[in-house]
$ cat entry.cif   # mmCIF, C-alpha atoms and all ligand atoms
data_data
loop_
_atom_site.label_atom_id
_atom_site.label_comp_id
_atom_site.auth_asym_id
_atom_site.auth_seq_id
_atom_site.Cartn_x
_atom_site.Cartn_y
_atom_site.Cartn_z
CA MET U 99 -3.41 27.96 -21.00
CA HIS U 100 -4.95 26.35 -17.96
CA ILE U 101 -5.13 28.65 -14.98
CA VAL U 102 -5.57 27.04 -11.60
CA TRP U 103 -7.18 29.35 -9.17
CA SER U 104 -7.11 28.14 -5.61
CA MET U 105 -9.60 29.47 -3.13
CA SER U 106 -8.43 30.61 0.30
CA ASN U 107 -10.13 29.73 3.60
CA GLU U 108 -11.32 33.34 3.90
CA GLU U 109 -12.98 33.18 0.50
CA LEU U 110 -14.51 29.83 1.37
CA THR U 111 -15.95 31.26 4.59
CA GLU U 112 -17.32 34.22 2.64
CA LEU U 113 -18.99 31.85 0.17
CA ALA U 114 -20.45 29.69 2.96
CA LEU U 115 -21.90 32.78 4.60
CA GLN U 116 -23.52 33.87 1.33
CA ILE U 117 -25.08 30.45 0.84
CA TYR U 118 -26.34 30.40 4.41
CA VAL U 119 -28.14 33.71 3.89
CA ASP U 120 -29.57 32.56 0.54
CA GLN U 121 -30.83 29.28 1.95
CA GLN U 122 -32.02 30.28 5.42
CA ARG U 123 -33.17 33.80 4.53
CA ARG U 124 -31.33 35.21 7.52
CA LYS U 125 -27.86 35.71 8.85
CA PRO U 126 -26.48 32.90 11.01
CA ALA U 127 -26.93 33.42 14.73
CA LEU U 128 -23.52 31.90 15.36
CA PRO U 129 -20.19 32.78 13.80
CA LEU U 130 -19.39 30.64 10.80
CA GLU U 131 -16.03 29.37 9.68
CA ALA U 132 -15.02 27.26 6.71
CA GLN U 133 -11.70 25.72 5.81
CA PHE U 134 -10.13 23.33 3.37
CA TYR U 135 -8.96 20.22 5.11
CA PRO U 136 -6.56 17.50 3.92
CA TYR U 137 -9.00 14.62 3.92
CA ALA U 138 -7.75 11.70 1.86
CA ASN U 139 -11.05 11.55 0.02
CA LEU U 140 -13.88 13.79 -1.01
CA ASN U 141 -15.07 14.03 2.58
CA HIS U 142 -16.73 17.13 3.93
CA THR U 143 -18.18 17.86 7.33
CA VAL U 144 -20.13 20.54 9.13
CA ARG U 145 -20.35 20.71 12.91
CA LEU U 146 -21.55 22.95 15.68
CA ARG U 147 -18.60 23.33 17.97
CA CYS U 148 -17.78 25.85 20.70
CA GLY U 149 -20.58 28.13 19.60
CA LYS U 150 -19.43 28.10 16.00
CA ILE U 151 -20.59 26.59 12.76
CA PHE U 152 -17.59 24.79 11.38
CA PHE U 153 -17.25 23.65 7.77
CA ARG U 154 -14.46 21.38 6.65
CA ILE U 155 -14.22 20.88 2.91
CA SER U 156 -11.79 18.37 1.41
CA ASP U 157 -8.80 20.22 -0.01
CA VAL U 158 -9.29 18.25 -3.21
CA MET U 159 -11.90 20.95 -3.92
CA GLN U 160 -9.54 23.86 -3.47
CA ASP U 161 -9.59 24.55 -7.18
CA ALA U 162 -13.03 23.15 -7.90
CA PRO U 163 -15.48 25.28 -9.90
CA ARG U 164 -17.56 27.64 -7.79
CA TRP U 165 -20.85 25.88 -8.64
CA ALA U 166 -19.52 22.63 -7.19
CA LEU U 167 -18.43 24.35 -3.98
CA ARG U 168 -21.82 26.07 -3.73
CA ALA U 169 -23.53 22.70 -4.08
CA ILE U 170 -21.55 20.92 -1.38
CA ILE U 171 -21.89 23.80 1.08
CA ALA U 172 -25.65 23.95 0.47
CA ILE U 173 -25.91 20.17 1.03
CA LEU U 174 -23.97 20.37 4.30
CA LEU U 175 -26.15 23.23 5.51
CA LEU U 176 -29.33 21.29 4.81
CA LYS U 177 -27.88 18.32 6.69
CA LEU U 178 -27.00 20.52 9.63
CA ASN U 179 -30.56 21.76 9.79
CA HIS U 180 -32.00 18.25 9.32
CA ARG U 181 -33.65 19.22 6.09
CA LYS U 182 -34.09 17.16 2.97
CA ILE U 183 -31.45 17.42 0.27
CA THR U 184 -33.02 18.18 -3.08
CA PRO U 185 -32.29 15.81 -5.97
CA GLU U 186 -31.11 18.76 -8.08
CA LEU U 187 -28.48 19.67 -5.54
CA GLN U 188 -27.45 16.04 -5.25
CA ALA U 189 -27.12 15.74 -9.03
CA THR U 190 -25.10 18.94 -9.31
CA TYR U 191 -22.61 17.79 -6.75
CA ARG U 192 -22.40 14.30 -8.26
CA SER U 193 -21.61 15.69 -11.70
CA TYR U 194 -18.53 17.23 -10.13
CA ALA U 195 -17.52 14.40 -7.78
CA GLY U 196 -17.99 11.67 -10.37
CA SER U 197 -16.00 13.36 -13.12
CA GLN U 198 -12.89 11.77 -14.55
CA GLU U 199 -10.80 14.80 -13.66
CA VAL U 200 -11.75 14.72 -9.99
CA ARG U 201 -11.20 11.01 -9.62
CA HIS U 202 -7.81 11.42 -11.24
CA ARG U 203 -6.96 14.21 -8.81
CA ILE U 204 -7.95 12.13 -5.78
CA HIS U 205 -5.77 9.32 -7.04
CA GLN U 206 -2.87 11.73 -7.51
CA ILE U 207 -3.22 13.20 -4.01
CA ARG U 208 -3.32 9.74 -2.47
CA ARG U 209 -0.14 8.79 -4.28
CA GLN U 210 1.63 11.95 -3.17
CA ARG U 211 0.67 11.30 0.44
CA ALA U 212 1.80 7.69 0.25
CA GLN U 213 5.12 8.87 -1.10
CA LYS U 214 5.48 11.36 1.71
CA LEU U 215 4.92 8.55 4.18
CA LEU U 216 7.50 6.44 2.43
CA SER U 217 10.10 9.13 2.57
CA LEU U 218 10.16 9.45 6.33
CA ASN U 219 13.79 10.30 6.72
CA ASN U 220 14.30 9.72 10.37
CA GLY U 221 15.80 6.41 11.21
CA LYS U 222 16.23 5.27 14.76
CA TYR U 223 19.92 6.18 14.75
CA PHE U 224 20.59 8.11 11.57
CA ASP U 225 18.77 10.95 9.91
CA LEU U 226 18.90 10.60 6.14
CA ARG U 227 17.89 14.14 5.26
CA THR U 228 20.34 15.88 7.58
CA THR U 229 23.24 13.75 6.41
CA PHE U 230 22.22 14.14 2.78
CA ASP U 231 22.20 17.93 3.15
CA ARG U 232 25.57 17.96 4.83
CA LEU U 233 27.23 15.72 2.21
CA ASN U 234 25.54 17.76 -0.50
CA ARG U 235 27.17 20.93 0.83
CA GLN U 236 30.50 19.24 1.32
CA TYR U 237 30.83 17.46 -2.03
CA PHE U 238 28.27 18.82 -4.48
CA GLN U 239 28.01 22.56 -3.69
CA SER U 240 24.46 21.79 -2.54
CA SER U 241 23.52 21.26 -6.20
CA LEU U 242 22.18 17.71 -5.91
CA ARG U 243 18.43 17.08 -5.91
CA VAL U 244 16.66 13.73 -5.79
CA SER U 245 12.92 13.04 -5.96
CA LEU U 246 12.96 10.59 -3.12
CA LEU U 247 15.31 9.83 -0.26
CA THR U 248 14.22 6.95 1.89
CA TRP U 249 15.05 3.97 4.05
CA SER U 250 14.18 0.63 2.50
CA ALA U 251 10.96 -0.90 3.75
CA ARG U 252 12.76 -4.08 4.77
CA LYS U 253 16.22 -4.73 6.17
CA THR U 254 17.85 -5.66 2.89
CA ARG U 255 21.28 -7.07 3.65
CA ARG U 256 22.74 -7.73 0.22
CA THR U 257 22.03 -4.23 -1.03
CA LEU U 258 23.06 -1.53 1.41
CA GLY U 259 22.16 1.32 -0.82
CA HIS U 260 20.60 1.82 -4.20
CA TYR U 261 20.02 4.65 -6.61
CA ASP U 262 17.00 4.15 -8.84
CA HIS U 263 17.53 6.13 -12.05
CA PHE U 264 13.97 5.73 -13.22
CA HIS U 265 12.36 7.12 -10.07
CA ASP U 266 15.34 9.32 -9.22
CA ALA U 267 15.29 7.78 -5.76
CA ILE U 268 17.99 6.97 -3.23
CA VAL U 269 17.08 4.01 -1.05
CA ILE U 270 19.28 3.12 1.92
CA SER U 271 18.95 -0.26 3.60
CA ARG U 272 17.29 -0.17 6.97
CA SER U 273 19.83 -2.74 8.14
CA LEU U 274 22.30 0.17 8.45
CA ASP U 275 20.12 1.95 10.96
CA THR U 276 21.54 0.20 14.02
CA GLU U 277 23.70 1.37 16.88
CA TRP U 278 26.80 -0.60 15.90
CA VAL U 279 27.08 0.90 12.43
CA PRO U 280 29.67 3.70 12.53
CA LEU U 281 28.54 7.09 11.25
CA LEU U 282 31.41 7.04 8.76
CA LEU U 283 30.09 3.88 7.12
CA PHE U 284 26.55 5.25 6.89
CA GLU U 285 27.91 8.48 5.38
CA PHE U 286 30.02 6.65 2.86
CA ILE U 287 27.17 4.47 1.62
CA LEU U 288 24.88 7.49 1.29
CA PHE U 289 27.66 9.43 -0.46
CA HIS U 290 28.16 6.55 -2.89
CA GLU U 291 24.46 6.60 -3.86
CA MET U 292 24.48 10.38 -4.12
CA LEU U 293 27.39 10.08 -6.49
CA HIS U 294 25.32 7.72 -8.66
CA ALA U 295 22.54 10.30 -8.75
CA TYR U 296 25.08 12.99 -9.58
CA SER U 297 27.22 11.34 -12.22
CA GLY U 298 24.73 9.09 -13.99
CA GLU U 299 25.59 6.03 -16.04
CA ARG U 300 28.00 5.75 -18.97
CA TYR U 301 27.56 3.59 -22.05
CA HIS U 302 30.45 1.85 -23.71
CA ASN U 303 30.16 -0.70 -26.52
CA GLY U 304 26.47 -1.13 -25.70
CA LYS U 305 27.14 -1.84 -22.05
CA ARG U 306 26.02 0.26 -19.12
CA TYR U 307 28.48 1.31 -16.49
CA ALA U 308 27.42 2.78 -13.17
CA HIS U 309 30.85 2.58 -11.58
CA HIS U 310 32.71 4.22 -14.44
CA ARG U 311 36.15 5.81 -14.27
CA GLU U 312 34.94 9.27 -13.41
CA PHE U 313 32.72 7.81 -10.69
CA ARG U 314 35.66 5.99 -9.09
CA ILE U 315 37.85 9.07 -9.19
CA ARG U 316 35.21 11.21 -7.53
CA GLU U 317 34.46 8.51 -4.96
CA LYS U 318 38.05 8.73 -3.74
CA THR U 319 37.55 12.38 -2.81
CA PHE U 320 35.49 11.19 0.18
CA HIS U 321 37.36 12.53 3.23
CA ARG U 322 38.22 9.20 4.90
CA TYR U 323 37.94 6.98 1.87
CA ARG U 324 40.35 4.21 2.94
CA GLU U 325 38.92 3.97 6.41
CA ALA U 326 35.40 3.78 4.96
CA GLN U 327 36.42 1.03 2.55
CA GLU U 328 37.81 -0.94 5.47
CA LEU U 329 34.57 -0.52 7.41
CA MET U 330 32.62 -1.72 4.37
CA LYS U 331 34.62 -4.94 4.30
CA GLN U 332 34.11 -5.55 8.01
CA PHE U 333 30.40 -4.80 7.79
CA SER U 334 29.85 -7.09 4.80
CA ALA U 335 31.65 -9.90 6.63
CA ARG U 336 29.60 -9.36 9.75
CA ILE U 337 26.15 -9.46 8.17
CA ARG U 338 26.89 -12.40 5.92
ZN ZN I 401 27.30 1.71 -6.74
#
$ encode --input "entry.cif" --output "structure tokens"
Amino acid sequence: MHIVWSMSNEELTELALQIYVDQQRRKPALPLEAQFYPYANLNHTVRLRCGKIFFRISDVMQDAPRWALRAIIAILLLKLNHRKITPELQATYRSYAGSQEVRHRIHQIRRQRAQKLLSLNNGKYFDLRTTFDRLNRQYFQSSLRVSLLTWSARKTRRTLGHYDHFHDAIVISRSLDTEWVPLLLFEFILFHEMLHAYSGERYHNGKRYAHHREFRIREKTFHRYREAQELMKQFSARIR
């Protein structure tokens, strides 16, 4: 079993203090504070600010081995005091920073952050997340989960909504996020994609069906189904 043990900011400060005393042979004259910081890379800084010594260690290192944390803190301290960094210290830190595992982790964190950016749910006129939650309560007993809910990057006009089975993602066309699109239409398109996420695809004679019988029956439970259908027709004609 692999146990991940994440260090807290308090513990990091404690460690930095220890290293300071070891290296400088005295207690720091100023208060010292250290924290993990969400840098995109393995960046670390130390500054004197407002009468405090301030360490910021990339949060990539939150579950790094203690020897690696000791090394980077010692390096930062030497830099702060304009002293030469020993090759041993340099090599110790590099053996951590250059490892396959760490590079993989940085890559992973970058991807997660990019995804977070992508999933900005606030449109100019409609809020995806709020509407999703409301429809989820209303039609799915709040049981529906998707990995990603997002506006499309471009104003796709042919596809107003899309559910991606592979990524478990609902993508709604940004072309819907305008003032003249009625809320009902936006809700219906989102509901339709949620229904895809909920009911999956059916296979029959080797063919895939997304809009299968059960899907169509459930779709008609939408509260103003006919009105929404009518709006769909008008909208499709308008943007063509
Ligand atoms: Zn569909």
$ closest_residue --input "entry.cif" --among "U:Arg322, U:Phe289, U:Arg154, U:Ala267" --to "Asp231 of chain U" --atoms "only C-alpha atoms"
U:Phe289
$ residues_around --input "entry.cif" --residues "Glu112 of chain U" --least-positions-apart "4" --cutoff "12 Å" --atoms "all atoms listed in the file" --output "list in words"
Met105, Ser106, Asn107, Glu108, Gln116, Ile117, Tyr118, Val119, Pro129, Leu130, Glu131, Ala132, Gln133, Phe153, Leu167, Arg168 and Ile171 of chain U
$ residues_near_ligand --input "entry.cif" --ligand "ligand ZN 401 (chain I)" --cutoff "10 Å" --atoms "all atoms listed in the file" --output "MDAnalysis selection string"
chainID U and resid 257:261 287 289:294 307:310 313:314
$ write_last_selection --input "entry.cif" --atoms "C-alpha atoms" --output "CSV table (one decimal), in the frame of the given file"
chain,number,residue,atom,x,y,z
U,257,THR,CA,22.0,-4.2,-1.0
U,258,LEU,CA,23.1,-1.5,1.4
U,259,GLY,CA,22.2,1.3,-0.8
U,260,HIS,CA,20.6,1.8,-4.2
U,261,TYR,CA,20.0,4.6,-6.6
U,287,ILE,CA,27.2,4.5,1.6
U,289,PHE,CA,27.7,9.4,-0.5
U,290,HIS,CA,28.2,6.6,-2.9
U,291,GLU,CA,24.5,6.6,-3.9
U,292,MET,CA,24.5,10.4,-4.1
U,293,LEU,CA,27.4,10.1,-6.5
U,294,HIS,CA,25.3,7.7,-8.7
U,307,TYR,CA,28.5,1.3,-16.5
U,308,ALA,CA,27.4,2.8,-13.2
U,309,HIS,CA,30.8,2.6,-11.6
U,310,HIS,CA,32.7,4.2,-14.4
U,313,PHE,CA,32.7,7.8,-10.7
U,314,ARG,CA,35.7,6.0,-9.1
$ atom_distance --input "entry.cif" --atom1 "atom CA of Leu128 of chain U" --atom2 "atom CA of Leu174 of chain U"
16.0 Å
$ closest_residue --input "entry.cif" --among "U:Lys182, U:Leu187, U:Val200, U:Arg145" --to "Asp161 of chain U" --atoms "all atoms listed in the file"
U:Val200
$ closest_residue --input "entry.cif" --among "U:Arg300, U:Arg316, U:Arg272, U:His263" --to "Ser250 of chain U" --atoms "all atoms listed in the file"
U:Arg272
$ atom_distance --input "entry.cif" --atom1 "atom CA of His205 of chain U" --atom2 "atom CA of Leu176 of chain U"
29.0 Å
$ residues_around --input "entry.cif" --residues "segment 324-336 of chain U" --least-positions-apart "2" --cutoff "9 Å" --atoms "only C-alpha atoms" --output "ChimeraX atom specification"
/U:255-256,279-280,282-283,285-287,318,320-322,338
$ residues_around --input "entry.cif" --residues "Asn179 of chain U" --least-positions-apart "4" --cutoff "12 Å" --atoms "all atoms listed in the file" --output "list of chain:residue names"
U:Tyr118, U:Gln121, U:Gln122, U:Pro126, U:Val144, U:Arg145, U:Leu146, U:Ile151, U:Ala172, U:Ile173, U:Leu174, U:Leu175, U:Ile183
$ closest_atom_pairs --input "entry.cif" --of "segment 232-328 of chain U" --to "segment 220-227 of chain U" --cutoff "10 Å" --atoms "all atoms listed in the file" --output "tab-separated table"
residue	atom	partner	partner_atom	distance
U:Arg232	CA	U:Arg227	CA	8.6
U:Leu233	CA	U:Arg227	CA	10.0
U:Leu247	CA	U:Leu226	CA	7.4
U:Thr248	CA	U:Leu226	CA	7.3
U:Trp249	CA	U:Gly221	CA	7.6
U:Val269	CA	U:Leu226	CA	9.9
U:Ile270	CA	U:Leu226	CA	8.6
U:Arg272	CA	U:Gly221	CA	8.0
U:Leu274	CA	U:Phe224	CA	8.7
U:Asp275	CA	U:Tyr223	CA	5.7
U:Thr276	CA	U:Tyr223	CA	6.2
U:Glu277	CA	U:Tyr223	CA	6.5
U:Trp278	CA	U:Tyr223	CA	9.7
U:Val279	CA	U:Tyr223	CA	9.2
U:Leu281	CA	U:Phe224	CA	8.0
U:Phe284	CA	U:Phe224	CA	8.1
U:Glu285	CA	U:Leu226	CA	9.3
U:Leu288	CA	U:Leu226	CA	8.3
$ residues_near_point --input "entry.cif" --point "(15.2, 11.1, -11.0)" --cutoff "10 Å" --atoms "all atoms listed in the file" --output "count of residues only"
13
$ atom_distance --input "entry.cif" --atom1 "atom CA of Ser104 of chain U" --atom2 "atom CA of Ala162 of chain U"
8.1 Å
$ residues_around --input "entry.cif" --residues "Leu140 of chain U" --least-positions-apart "4" --cutoff "8 Å" --atoms "all atoms listed in the file" --output "PyMOL selection string"
chain U and resi 156+158-159+195+204
$ build_atoms --input "entry.cif" --residues "segment 222-241 of chain U" --atoms "N, CA and C atoms" --output "CSV table (one decimal), in the frame of the given file"
chain,number,residue,atom,x,y,z
U,222,LYS,N,16.1,5.3,13.3
U,222,LYS,CA,16.2,5.3,14.8
U,222,LYS,C,17.5,5.9,15.2
U,223,TYR,N,18.6,5.7,14.4
U,223,TYR,CA,19.9,6.2,14.8
U,223,TYR,C,20.4,7.3,13.8
U,224,PHE,N,20.1,7.1,12.5
U,224,PHE,CA,20.6,8.1,11.6
U,224,PHE,C,19.5,8.9,10.9
U,225,ASP,N,19.7,10.1,10.6
U,225,ASP,CA,18.8,11.0,9.9
U,225,ASP,C,19.2,11.1,8.5
U,226,LEU,N,18.5,10.6,7.5
U,226,LEU,CA,18.9,10.6,6.1
U,226,LEU,C,19.0,12.0,5.6
U,227,ARG,N,18.0,12.8,5.9
U,227,ARG,CA,17.9,14.1,5.3
U,227,ARG,C,19.0,15.0,5.7
U,228,THR,N,19.3,15.0,7.0
U,228,THR,CA,20.3,15.9,7.6
U,228,THR,C,21.7,15.5,7.0
U,229,THR,N,22.0,14.2,6.9
U,229,THR,CA,23.2,13.8,6.4
U,229,THR,C,23.3,14.0,4.9
U,230,PHE,N,22.2,13.8,4.2
U,230,PHE,CA,22.2,14.1,2.8
U,230,PHE,C,22.6,15.6,2.6
U,231,ASP,N,22.0,16.5,3.3
U,231,ASP,CA,22.2,17.9,3.2
U,231,ASP,C,23.6,18.3,3.4
U,232,ARG,N,24.2,17.7,4.5
U,232,ARG,CA,25.6,18.0,4.8
U,232,ARG,C,26.5,17.5,3.7
U,233,LEU,N,26.4,16.2,3.3
U,233,LEU,CA,27.2,15.7,2.2
U,233,LEU,C,27.1,16.5,0.9
U,234,ASN,N,25.8,17.0,0.7
U,234,ASN,CA,25.5,17.8,-0.5
U,234,ASN,C,26.3,19.1,-0.5
U,235,ARG,N,26.4,19.7,0.7
U,235,ARG,CA,27.2,20.9,0.8
U,235,ARG,C,28.7,20.6,0.6
U,236,GLN,N,29.1,19.6,1.3
U,236,GLN,CA,30.5,19.2,1.3
U,236,GLN,C,31.1,18.8,0.0
U,237,TYR,N,30.3,18.0,-0.8
U,237,TYR,CA,30.8,17.5,-2.0
U,237,TYR,C,30.2,17.9,-3.3
U,238,PHE,N,29.0,18.5,-3.2
U,238,PHE,CA,28.3,18.8,-4.5
U,238,PHE,C,27.8,20.3,-4.5
U,239,GLN,N,28.4,21.1,-3.8
U,239,GLN,CA,28.0,22.6,-3.7
U,239,GLN,C,26.5,22.7,-3.5
U,240,SER,N,25.9,21.8,-2.8
U,240,SER,CA,24.5,21.8,-2.5
U,240,SER,C,23.6,21.8,-3.8
U,241,SER,N,24.2,21.2,-4.9
U,241,SER,CA,23.5,21.3,-6.2
U,241,SER,C,22.7,20.0,-6.5
